[in-house]
Each structure stands twice: as structure tokens, then as C-alpha cells.
file start_31.pdb (PDB, C-alpha atoms, pLDDT in the B column)
ATOM      1  CA  MET A   1      -7.579 -26.125 -17.068  1.00 65.00           C
ATOM      2  CA  THR A   2      -6.015 -26.656 -20.514  1.00 79.00           C
ATOM      3  CA  LEU A   3      -4.664 -23.804 -22.631  1.00 81.00           C
ATOM      4  CA  SER A   4      -7.456 -24.246 -25.180  1.00 83.00           C
ATOM      5  CA  THR A   5     -10.092 -24.000 -22.416  1.00 81.00           C
ATOM      6  CA  LEU A   6      -8.411 -20.874 -21.072  1.00 80.00           C
ATOM      7  CA  LEU A   7      -8.329 -19.228 -24.502  1.00 82.00           C
ATOM      8  CA  GLU A   8     -11.969 -20.148 -25.083  1.00 80.00           C
ATOM      9  CA  GLN A   9     -12.951 -18.536 -21.786  1.00 79.00           C
ATOM     10  CA  LEU A  10     -10.971 -15.383 -22.607  1.00 80.00           C
ATOM     11  CA  LYS A  11     -12.897 -15.110 -25.901  1.00 81.00           C
ATOM     12  CA  GLN A  12     -16.114 -14.762 -23.875  1.00 82.00           C
ATOM     13  CA  ILE A  13     -14.772 -11.829 -21.851  1.00 87.00           C
ATOM     14  CA  LYS A  14     -16.963  -8.707 -21.575  1.00 88.00           C
ATOM     15  CA  PRO A  15     -14.818  -5.755 -22.801  1.00 88.00           C
ATOM     16  CA  LEU A  16     -16.879  -3.043 -21.069  1.00 92.00           C
ATOM     17  CA  PHE A  17     -16.018  -4.376 -17.621  1.00 92.00           C
ATOM     18  CA  LEU A  18     -12.338  -4.547 -18.538  1.00 90.00           C
ATOM     19  CA  VAL A  19     -12.464  -0.871 -19.541  1.00 93.00           C
ATOM     20  CA  ILE A  20     -14.057  -0.030 -16.184  1.00 95.00           C
ATOM     21  CA  ALA A  21     -11.396  -2.034 -14.320  1.00 94.00           C
ATOM     22  CA  PHE A  22      -8.551  -0.364 -16.228  1.00 93.00           C
ATOM     23  CA  ALA A  23     -10.057   3.077 -15.541  1.00 95.00           C
ATOM     24  CA  ILE A  24     -10.104   2.303 -11.810  1.00 95.00           C
ATOM     25  CA  LEU A  25      -6.497   1.092 -11.977  1.00 93.00           C
ATOM     26  CA  LEU A  26      -5.449   4.394 -13.573  1.00 93.00           C
ATOM     27  CA  ALA A  27      -7.342   6.273 -10.862  1.00 94.00           C
ATOM     28  CA  GLN A  28      -5.494   4.160  -8.285  1.00 94.00           C
ATOM     29  CA  ILE A  29      -2.154   5.545  -9.493  1.00 94.00           C
ATOM     30  CA  GLY A  30      -3.583   9.045  -9.181  1.00 94.00           C
ATOM     31  CA  LEU A  31      -4.684   8.313  -5.594  1.00 94.00           C
ATOM     32  CA  SER A  32      -1.243   6.933  -4.725  1.00 93.00           C
ATOM     33  CA  SER A  33       0.478  10.000  -6.178  1.00 94.00           C
ATOM     34  CA  LEU A  34      -1.852  12.314  -4.254  1.00 95.00           C
ATOM     35  CA  LYS A  35      -1.128  10.496  -0.976  1.00 95.00           C
ATOM     36  CA  TRP A  36       2.609  10.644  -1.610  1.00 94.00           C
ATOM     37  CA  LYS A  37       2.357  14.384  -2.317  1.00 94.00           C
ATOM     38  CA  ILE A  38       0.497  14.957   0.980  1.00 94.00           C
ATOM     39  CA  ILE A  39       3.135  13.007   2.923  1.00 93.00           C
ATOM     40  CA  LEU A  40       5.993  14.918   1.287  1.00 92.00           C
ATOM     41  CA  ALA A  41       4.284  18.286   1.857  1.00 90.00           C
ATOM     42  CA  SER A  42       4.042  17.562   5.590  1.00 87.00           C
ATOM     43  CA  ASP A  43       7.867  17.316   5.529  1.00 85.00           C
ATOM     44  CA  ALA A  44       8.030  20.627   3.622  1.00 86.00           C
ATOM     45  CA  ILE A  45       9.086  18.832   0.425  1.00 89.00           C
ATOM     46  CA  LEU A  46       7.051  20.372  -2.389  1.00 91.00           C
ATOM     47  CA  VAL A  47       6.943  18.171  -5.475  1.00 93.00           C
ATOM     48  CA  PRO A  48       4.580  18.724  -8.447  1.00 94.00           C
ATOM     49  CA  PHE A  49       1.771  16.166  -8.666  1.00 95.00           C
ATOM     50  CA  ARG A  50       2.598  15.507 -12.331  1.00 94.00           C
ATOM     51  CA  TYR A  51       6.181  14.542 -11.412  1.00 94.00           C
ATOM     52  CA  LEU A  52       4.990  12.107  -8.724  1.00 94.00           C
ATOM     53  CA  LEU A  53       2.398  10.636 -11.096  1.00 94.00           C
ATOM     54  CA  LYS A  54       5.079   9.992 -13.725  1.00 93.00           C
ATOM     55  CA  ASN A  55       7.346   8.353 -11.162  1.00 91.00           C
ATOM     56  CA  TYR A  56       4.527   6.149  -9.859  1.00 90.00           C
ATOM     57  CA  PHE A  57       3.927   4.854 -13.378  1.00 91.00           C
ATOM     58  CA  ILE A  58       7.652   4.056 -13.704  1.00 89.00           C
ATOM     59  CA  CYS A  59       7.650   2.479 -10.222  1.00 85.00           C
ATOM     60  CA  ASN A  60       4.710   0.223 -11.095  1.00 83.00           C
ATOM     61  CA  PHE A  61       6.387  -0.856 -14.325  1.00 85.00           C
ATOM     62  CA  THR A  62       9.729  -1.715 -12.708  1.00 81.00           C
ATOM     63  CA  SER A  63       7.920  -3.628  -9.958  1.00 77.00           C
ATOM     64  CA  LEU A  64       6.655  -6.062 -12.606  1.00 77.00           C
ATOM     65  CA  PHE A  65      10.142  -7.541 -12.837  1.00 77.00           C
ATOM     66  CA  LEU A  66      11.410  -7.209  -9.256  1.00 70.00           C
ATOM     67  CA  PRO A  67      10.623  -8.932  -5.928  1.00 67.00           C
ATOM     68  CA  SER A  68       7.596  -7.402  -4.212  1.00 62.00           C
ATOM     69  CA  THR A  69       7.600  -3.582  -4.558  1.00 61.00           C
ATOM     70  CA  ILE A  70      11.121  -3.029  -3.235  1.00 67.00           C
ATOM     71  CA  GLY A  71      12.728  -2.182  -6.570  1.00 66.00           C
ATOM     72  CA  GLY A  72      10.025   0.323  -7.454  1.00 78.00           C
ATOM     73  CA  ASP A  73      10.301   1.989  -4.042  1.00 83.00           C
ATOM     74  CA  ILE A  74      14.069   2.378  -4.408  1.00 85.00           C
ATOM     75  CA  TYR A  75      13.443   4.192  -7.674  1.00 85.00           C
ATOM     76  CA  ARG A  76      10.885   6.463  -5.974  1.00 89.00           C
ATOM     77  CA  ILE A  77      13.387   7.393  -3.252  1.00 89.00           C
ATOM     78  CA  TYR A  78      16.074   8.098  -5.844  1.00 88.00           C
ATOM     79  CA  SER A  79      13.713  10.219  -7.967  1.00 88.00           C
ATOM     80  CA  LEU A  80      13.115  12.605  -5.050  1.00 91.00           C
ATOM     81  CA  LYS A  81      16.762  13.706  -4.984  1.00 89.00           C
ATOM     82  CA  LYS A  82      15.811  16.374  -7.514  1.00 87.00           C
ATOM     83  CA  TYR A  83      13.664  18.087  -4.858  1.00 90.00           C
ATOM     84  CA  SER A  84      15.222  16.893  -1.575  1.00 88.00           C
ATOM     85  CA  PRO A  85      18.857  15.883  -0.942  1.00 87.00           C
ATOM     86  CA  ASP A  86      17.982  14.166   2.373  1.00 85.00           C
ATOM     87  CA  VAL A  87      17.776  10.464   1.445  1.00 87.00           C
ATOM     88  CA  TYR A  88      16.431   9.504   4.883  1.00 85.00           C
ATOM     89  CA  GLN A  89      13.599  12.004   4.671  1.00 86.00           C
ATOM     90  CA  ASN A  90      12.785  10.732   1.186  1.00 89.00           C
ATOM     91  CA  THR A  91      12.902   7.159   2.481  1.00 90.00           C
ATOM     92  CA  SER A  92      10.529   8.007   5.331  1.00 90.00           C
ATOM     93  CA  SER A  93       7.929   9.348   2.865  1.00 90.00           C
ATOM     94  CA  VAL A  94       8.017   6.142   0.802  1.00 91.00           C
ATOM     95  CA  LEU A  95       8.022   3.885   3.886  1.00 90.00           C
ATOM     96  CA  PHE A  96       5.095   5.738   5.453  1.00 91.00           C
ATOM     97  CA  ASP A  97       3.239   5.522   2.157  1.00 92.00           C
ATOM     98  CA  ARG A  98       3.707   1.727   2.208  1.00 89.00           C
ATOM     99  CA  ILE A  99       2.929   1.373   5.921  1.00 90.00           C
ATOM    100  CA  SER A 100      -0.306   3.373   5.645  1.00 91.00           C
ATOM    101  CA  GLY A 101      -1.381   1.148   2.753  1.00 90.00           C
ATOM    102  CA  LEU A 102      -0.512  -1.981   4.725  1.00 88.00           C
ATOM    103  CA  VAL A 103      -2.474  -0.713   7.743  1.00 90.00           C
ATOM    104  CA  ALA A 104      -5.535  -0.105   5.564  1.00 92.00           C
ATOM    105  CA  LEU A 105      -5.161  -3.495   3.865  1.00 89.00           C
ATOM    106  CA  SER A 106      -4.744  -5.403   7.138  1.00 88.00           C
ATOM    107  CA  SER A 107      -7.640  -3.462   8.711  1.00 90.00           C
ATOM    108  CA  ILE A 108      -9.931  -4.484   5.853  1.00 91.00           C
ATOM    109  CA  ALA A 109      -8.664  -8.076   6.198  1.00 86.00           C
ATOM    110  CA  VAL A 110      -9.361  -8.193   9.953  1.00 86.00           C
ATOM    111  CA  ILE A 111     -12.819  -6.615   9.649  1.00 86.00           C
ATOM    112  CA  SER A 112     -13.828  -8.789   6.685  1.00 85.00           C
ATOM    113  CA  TYR A 113     -12.530 -11.956   8.327  1.00 80.00           C
ATOM    114  CA  SER A 114     -14.489 -11.175  11.509  1.00 78.00           C
ATOM    115  CA  LEU A 115     -17.715 -10.320   9.653  1.00 77.00           C
ATOM    116  CA  PHE A 116     -17.788 -12.764   6.749  1.00 73.00           C
ATOM    117  CA  TYR A 117     -15.821 -15.819   7.841  1.00 68.00           C
ATOM    118  CA  GLN A 118     -17.511 -16.995  11.001  1.00 60.00           C
ATOM    119  CA  ASP A 119     -18.730 -20.418   9.814  1.00 58.00           C
ATOM    120  CA  SER A 120     -15.630 -22.229  11.038  1.00 55.00           C
ATOM    121  CA  GLY A 121     -15.074 -20.035  14.078  1.00 56.00           C
ATOM    122  CA  ILE A 122     -12.805 -17.017  14.322  1.00 57.00           C
ATOM    123  CA  ASN A 123      -9.069 -17.517  14.668  1.00 65.00           C
ATOM    124  CA  TYR A 124      -7.857 -14.652  16.853  1.00 69.00           C
ATOM    125  CA  GLY A 125      -4.173 -15.024  15.906  1.00 71.00           C
ATOM    126  CA  PHE A 126      -4.254 -12.585  12.980  1.00 71.00           C
ATOM    127  CA  PRO A 127      -6.310  -9.864  14.772  1.00 76.00           C
ATOM    128  CA  ILE A 128      -3.933 -10.083  17.770  1.00 81.00           C
ATOM    129  CA  ILE A 129      -0.842  -9.709  15.546  1.00 80.00           C
ATOM    130  CA  TYR A 130      -2.557  -6.789  13.801  1.00 81.00           C
ATOM    131  CA  GLY A 131      -3.360  -5.068  17.109  1.00 84.00           C
ATOM    132  CA  LEU A 132       0.161  -5.571  18.481  1.00 86.00           C
ATOM    133  CA  SER A 133       1.683  -4.203  15.258  1.00 85.00           C
ATOM    134  CA  VAL A 134      -0.402  -1.017  15.483  1.00 85.00           C
ATOM    135  CA  ILE A 135       0.541  -0.557  19.151  1.00 89.00           C
ATOM    136  CA  LEU A 136       4.226  -1.127  18.332  1.00 88.00           C
ATOM    137  CA  PHE A 137       4.103   1.496  15.577  1.00 86.00           C
ATOM    138  CA  PHE A 138       2.632   4.137  17.893  1.00 87.00           C
ATOM    139  CA  MET A 139       5.143   3.255  20.612  1.00 88.00           C
ATOM    140  CA  LEU A 140       8.187   3.485  18.321  1.00 85.00           C
ATOM    141  CA  THR A 141       7.047   6.827  16.874  1.00 87.00           C
ATOM    142  CA  SER A 142       6.162   8.361  20.253  1.00 88.00           C
ATOM    143  CA  ASP A 143       8.080  11.317  21.724  1.00 87.00           C
ATOM    144  CA  ARG A 144       9.318   9.165  24.598  1.00 89.00           C
ATOM    145  CA  ALA A 145      10.750   6.451  22.324  1.00 87.00           C
ATOM    146  CA  ILE A 146      12.448   9.019  20.101  1.00 87.00           C
ATOM    147  CA  THR A 147      13.960  10.748  23.144  1.00 87.00           C
ATOM    148  CA  CYS A 148      15.293   7.424  24.490  1.00 88.00           C
ATOM    149  CA  LEU A 149      16.779   6.430  21.129  1.00 84.00           C
ATOM    150  CA  ALA A 150      18.413   9.865  20.769  1.00 83.00           C
ATOM    151  CA  ASN A 151      20.581   9.037  23.793  1.00 83.00           C
ATOM    152  CA  ILE A 152      22.126   6.070  21.957  1.00 81.00           C
ATOM    153  CA  ARG A 153      25.272   7.303  20.212  1.00 77.00           C
ATOM    154  CA  LEU A 154      25.263   5.058  17.167  1.00 78.00           C
ATOM    155  CA  LYS A 155      25.204   6.200  13.540  1.00 77.00           C
ATOM    156  CA  PHE A 156      22.663   3.547  12.621  1.00 79.00           C
ATOM    157  CA  ILE A 157      20.286   4.701  15.367  1.00 83.00           C
ATOM    158  CA  ALA A 158      20.760   8.330  14.315  1.00 81.00           C
ATOM    159  CA  ASN A 159      19.698   7.454  10.767  1.00 81.00           C
ATOM    160  CA  VAL A 160      16.683   5.470  11.994  1.00 84.00           C
ATOM    161  CA  LEU A 161      15.715   8.447  14.180  1.00 86.00           C
ATOM    162  CA  LYS A 162      15.431  10.673  11.100  1.00 83.00           C
ATOM    163  CA  ILE A 163      12.763   8.326   9.746  1.00 85.00           C
ATOM    164  CA  LEU A 164      10.970   7.945  13.099  1.00 88.00           C
ATOM    165  CA  ARG A 165      10.877  11.735  13.577  1.00 87.00           C
ATOM    166  CA  SER A 166       9.207  12.102  10.184  1.00 86.00           C
ATOM    167  CA  PHE A 167       6.700   9.386  11.134  1.00 87.00           C
ATOM    168  CA  ASN A 168       6.056  11.239  14.394  1.00 87.00           C
ATOM    169  CA  LYS A 169       5.421  14.441  12.453  1.00 86.00           C
ATOM    170  CA  TYR A 170       2.950  12.727  10.102  1.00 86.00           C
ATOM    171  CA  LYS A 171       1.124  11.145  13.034  1.00 84.00           C
ATOM    172  CA  LYS A 172       0.853  14.357  15.086  1.00 84.00           C
ATOM    173  CA  ASN A 173      -0.832  16.312  12.308  1.00 85.00           C
ATOM    174  CA  ARG A 174      -4.242  14.686  12.676  1.00 86.00           C
ATOM    175  CA  TYR A 175      -5.700  16.355   9.595  1.00 88.00           C
ATOM    176  CA  ILE A 176      -2.856  15.103   7.388  1.00 88.00           C
ATOM    177  CA  PHE A 177      -2.878  11.690   9.089  1.00 90.00           C
ATOM    178  CA  ALA A 178      -6.637  11.339   8.508  1.00 92.00           C
ATOM    179  CA  LYS A 179      -6.314  12.254   4.811  1.00 93.00           C
ATOM    180  CA  ILE A 180      -3.525   9.710   4.340  1.00 93.00           C
ATOM    181  CA  LEU A 181      -5.584   6.945   5.976  1.00 93.00           C
ATOM    182  CA  ILE A 182      -8.750   7.811   4.035  1.00 94.00           C
ATOM    183  CA  ILE A 183      -6.873   7.640   0.713  1.00 95.00           C
ATOM    184  CA  SER A 184      -5.233   4.363   1.818  1.00 94.00           C
ATOM    185  CA  PHE A 185      -8.579   2.755   2.697  1.00 95.00           C
ATOM    186  CA  LEU A 186     -10.149   3.966  -0.565  1.00 95.00           C
ATOM    187  CA  PHE A 187      -7.214   2.545  -2.549  1.00 94.00           C
ATOM    188  CA  GLN A 188      -7.307  -0.883  -0.848  1.00 92.00           C
ATOM    189  CA  ASN A 189     -11.106  -1.060  -1.100  1.00 94.00           C
ATOM    190  CA  ASN A 190     -10.866  -0.391  -4.835  1.00 94.00           C
ATOM    191  CA  ILE A 191      -8.506  -3.352  -5.243  1.00 93.00           C
ATOM    192  CA  VAL A 192     -11.256  -5.719  -4.060  1.00 94.00           C
ATOM    193  CA  TRP A 193     -13.776  -4.209  -6.447  1.00 94.00           C
ATOM    194  CA  VAL A 194     -11.370  -4.384  -9.403  1.00 95.00           C
ATOM    195  CA  VAL A 195     -11.096  -8.144  -8.791  1.00 94.00           C
ATOM    196  CA  LYS A 196     -14.902  -8.335  -8.579  1.00 94.00           C
ATOM    197  CA  ILE A 197     -15.165  -6.533 -11.941  1.00 95.00           C
ATOM    198  CA  TYR A 198     -12.685  -9.011 -13.442  1.00 93.00           C
ATOM    199  CA  CYS A 199     -14.925 -11.831 -12.202  1.00 91.00           C
ATOM    200  CA  ILE A 200     -17.976 -10.227 -13.839  1.00 92.00           C
ATOM    201  CA  ALA A 201     -16.025  -9.756 -17.081  1.00 91.00           C
ATOM    202  CA  LEU A 202     -15.164 -13.478 -17.060  1.00 88.00           C
ATOM    203  CA  SER A 203     -18.665 -14.571 -15.931  1.00 87.00           C
ATOM    204  CA  ILE A 204     -17.255 -15.973 -12.686  1.00 87.00           C
ATOM    205  CA  SER A 205     -19.820 -16.021  -9.909  1.00 89.00           C
ATOM    206  CA  ILE A 206     -18.256 -15.154  -6.550  1.00 89.00           C
ATOM    207  CA  ASP A 207     -19.659 -13.218  -3.601  1.00 90.00           C
ATOM    208  CA  VAL A 208     -17.917  -9.884  -2.988  1.00 91.00           C
ATOM    209  CA  ARG A 209     -17.837 -10.737   0.743  1.00 88.00           C
ATOM    210  CA  THR A 210     -15.618 -13.698  -0.073  1.00 89.00           C
ATOM    211  CA  LEU A 211     -13.321 -11.410  -2.056  1.00 91.00           C
ATOM    212  CA  TYR A 212     -13.098  -9.036   0.915  1.00 91.00           C
ATOM    213  CA  VAL A 213     -11.677 -11.945   2.932  1.00 86.00           C
ATOM    214  CA  ILE A 214      -9.405 -13.441   0.258  1.00 88.00           C
ATOM    215  CA  VAL A 215      -8.003 -10.478  -1.699  1.00 90.00           C
ATOM    216  CA  PRO A 216      -6.488  -8.487   1.227  1.00 88.00           C
ATOM    217  CA  LEU A 217      -4.764 -11.622   2.552  1.00 84.00           C
ATOM    218  CA  ILE A 218      -3.306 -12.397  -0.881  1.00 85.00           C
ATOM    219  CA  TYR A 219      -1.983  -8.851  -1.308  1.00 84.00           C
ATOM    220  CA  MET A 220      -0.488  -8.893   2.195  1.00 81.00           C
ATOM    221  CA  ILE A 221       1.448 -12.087   1.361  1.00 80.00           C
ATOM    222  CA  GLU A 222       2.384 -10.609  -2.009  1.00 78.00           C
ATOM    223  CA  ALA A 223       4.026  -7.652  -0.217  1.00 73.00           C
ATOM    224  CA  LEU A 224       6.713 -10.049   1.027  1.00 71.00           C
ATOM    225  CA  PRO A 225       9.784 -10.239  -1.269  1.00 67.00           C
ATOM    226  CA  ILE A 226       9.244 -13.910  -2.063  1.00 67.00           C
ATOM    227  CA  SER A 227       7.972 -13.617  -5.632  1.00 66.00           C
ATOM    228  CA  ILE A 228       8.227 -11.472  -8.751  1.00 69.00           C
ATOM    229  CA  ASN A 229       5.198  -9.147  -8.700  1.00 64.00           C
ATOM    230  CA  GLY A 230       3.182 -11.809  -6.859  1.00 66.00           C
ATOM    231  CA  PHE A 231       3.482 -14.362  -9.678  1.00 71.00           C
ATOM    232  CA  GLY A 232       2.658 -17.809  -8.285  1.00 73.00           C
ATOM    233  CA  ILE A 233       0.969 -16.328  -5.193  1.00 72.00           C
ATOM    234  CA  ARG A 234      -2.153 -14.732  -6.646  1.00 71.00           C
TER     235      ARG A 234
END
call {"tool": "encode", "arguments": {"input": "start_31.pdb", "output": "C-alpha cells"}}
result
Amino acid sequence: MTLSTLLEQLKQIKPLFLVIAFAILLAQIGLSSLKWKIILASDAILVPFRYLLKNYFICNFTSLFLPSTIGGDIYRIYSLKKYSPDVYQNTSSVLFDRISGLVALSSIAVISYSLFYQDSGINYGFPIIYGLSVILFFMLTSDRAITCLANIRLKFIANVLKILRSFNKYKKNRYIFAKILIISFLFQNNIVWVVKIYCIALSISIDVRTLYVIVPLIYMIEALPISINGFGIR
């Protein structure tokens, strides 16, 4: 596609659908801030929603220029020092936020791949890796694993244990855990529909079932620190 063709296509864009997409994107930041607040509250760290919302906006902006979302997450951890001096507890909240989002994203990818991509036969490699990753998470955050690791007298292990204990606490509170997962699934589902709205705005005909297969996989690869904000991957 030449630049002139691209500009001509952009002239035909439907503004109303762009407004709808941008409104959903703003709501997405609100959902992320709400989830982060719930995670922090379960660790008895009480942070105003407005403060988290502001920091999520800053995080999203800084992530535009840094590999993956790592830079933005470092800022989020640092910003919590105003309310909690424990850097490992702050780190656990941000990590769990990311992990819950990744679980929702990979779950949508596995389900969509199984339901909508059966023409060429199902490759079970990805679902198996997904299942093993979930099992590994529950094993590492179990009481038994934490007790075993506590017997290892290494500073590094002691610091990791602080994060695992927070994960264990989040997981044990089923009500909190369910709310975190519901928000994560809603957020990742919205991402697919935002892309669908972009397609409508540009008069691109593509089945939403195809997007449910493609979009989660792209965002999972984009989470790796191999590009600047996913440029060149999307």
C-alpha cells in the first residue's frame, strides 16, 4: 500500500466509530485502575482511585516509548511508595495485575482457537502450555511451596517469598480473586471489540470470530520486551 492510498483510505474513516473506540479505551484505563485498587486493598494498601487512575495514564504514556510494558510498570511500582514503603509488596500488586490480564488473554486465545479455528485441525501445543502454566502458578503460590521455600536461607528467595505470599493471599480470597478475573476478562474482551470497531470505521470487512483468534495472540507476543509498544508486531 502506497502512502497516497493510505491517506485516501483514512479520509473515508467514519468518525463516530472512532469516538466509540476512544470512549472504550478510556473506560479500559478506569477498569485497570479499579482492578489495581482491589489488589492493593487486599494487601491493606489503601490508595485513592483518582491517584491510581492518574498513574495509569502516565504508565500508558511512558509505555509508548519503552519495550513492552516494563517501563510503565516500574513507574507504577515507584508511584506506590507514597502509600506503601514495601517495594516487594508494591511489586506483587503490579505483577499480579499483569498476570491476571495475561491469564484472561491466554484463556480467550485458547477458547477462541478451539472454537473458531478448526478448519486446519487443532494444534494442542498452545493449550497444553497454557494448562501447565496455570498449574505451575497454583503450585508456586500454594502453602506447601511457600513453606518449602521459607526453609531456604537466601536473601533472593526471601524477597521472592514476599511476592508469592501476596499472590497466595489474593488467591485465597475467592471473592477478591473472582472480581480480579472478571475485570481482567472484561478488559481483554474489550480489546477485541475495539479492533472490530476500528475495522468498521475503516470499512474493513472481517469476522469478529477471526479477531478473537488473532488479536489475543498478537497482544500476547507484544507483551514480550522485543519491540517498542508493539511497533512492527501488530
call {"tool": "resolve_selection", "arguments": {"input": "start_31.pdb", "expression": "the PyMOL selection byres ((chain A and resi 214) around 12)", "output": "number ranges by chain"}}
result
A: 105-106, 108-110, 112-113, 116-117, 191-192, 195-196, 206-213, 215-221, 234
call {"tool": "residues_around", "arguments": {"input": "start_31.pdb", "residues": "segment 98-100 of chain A", "least_positions_apart": "2", "cutoff": "12 Å", "atoms": "only C-alpha atoms", "output": "ChimeraX atom specification"}}
result
/A:32,35-36,39,68-70,72-73,76,91-96,102-107,133-134,137,167,170-171,177-188,220,223
call {"tool": "atom_distance", "arguments": {"input": "start_31.pdb", "atom1": "atom CA of Ala145 of chain A", "atom2": "atom CA of Ile163 of chain A"}}
result
12.9 Å
call {"tool": "closest_residue", "arguments": {"input": "start_31.pdb", "among": "A:Leu10, A:Phe138, A:Pro85, A:Ile176", "to": "Lys37 of chain A", "atoms": "all atoms listed in the file"}}
result
A:Ile176
call {"tool": "atom_distance", "arguments": {"input": "start_31.pdb", "atom1": "atom CA of Ser205 of chain A", "atom2": "atom CA of Lys14 of chain A"}}
result
14.1 Å
call {"tool": "closest_residue", "arguments": {"input": "start_31.pdb", "among": "A:Ile233, A:Leu136, A:Cys199, A:Ile204", "to": "Phe17 of chain A", "atoms": "only C-alpha atoms"}}
result
A:Cys199
call {"tool": "atom_distance", "arguments": {"input": "start_31.pdb", "atom1": "atom CA of Ile111 of chain A", "atom2": "atom CA of Pro127 of chain A"}}
result
8.9 Å
call {"tool": "axis_aligned_box", "arguments": {"input": "start_31.pdb", "around": "segment 6-12 of chain A", "padding_each_side": "8 Å", "output": "AutoDock Vina command-line options"}}
result
--center_x -12.2 --center_y -17.8 --center_z -23.5 --size_x 23.8 --size_y 22.1 --size_z 20.8
call {"tool": "closest_residue", "arguments": {"input": "start_31.pdb", "among": "A:Leu115, A:Leu132, A:Ala41, A:Ala150", "to": "Lys169 of chain A", "atoms": "only C-alpha atoms"}}
result
A:Ala41
call {"tool": "closest_residue", "arguments": {"input": "start_31.pdb", "among": "A:Leu66, A:Leu53, A:Ile45, A:Leu202", "to": "Ser84 of chain A", "atoms": "all atoms listed in the file"}}
result
A:Ile45
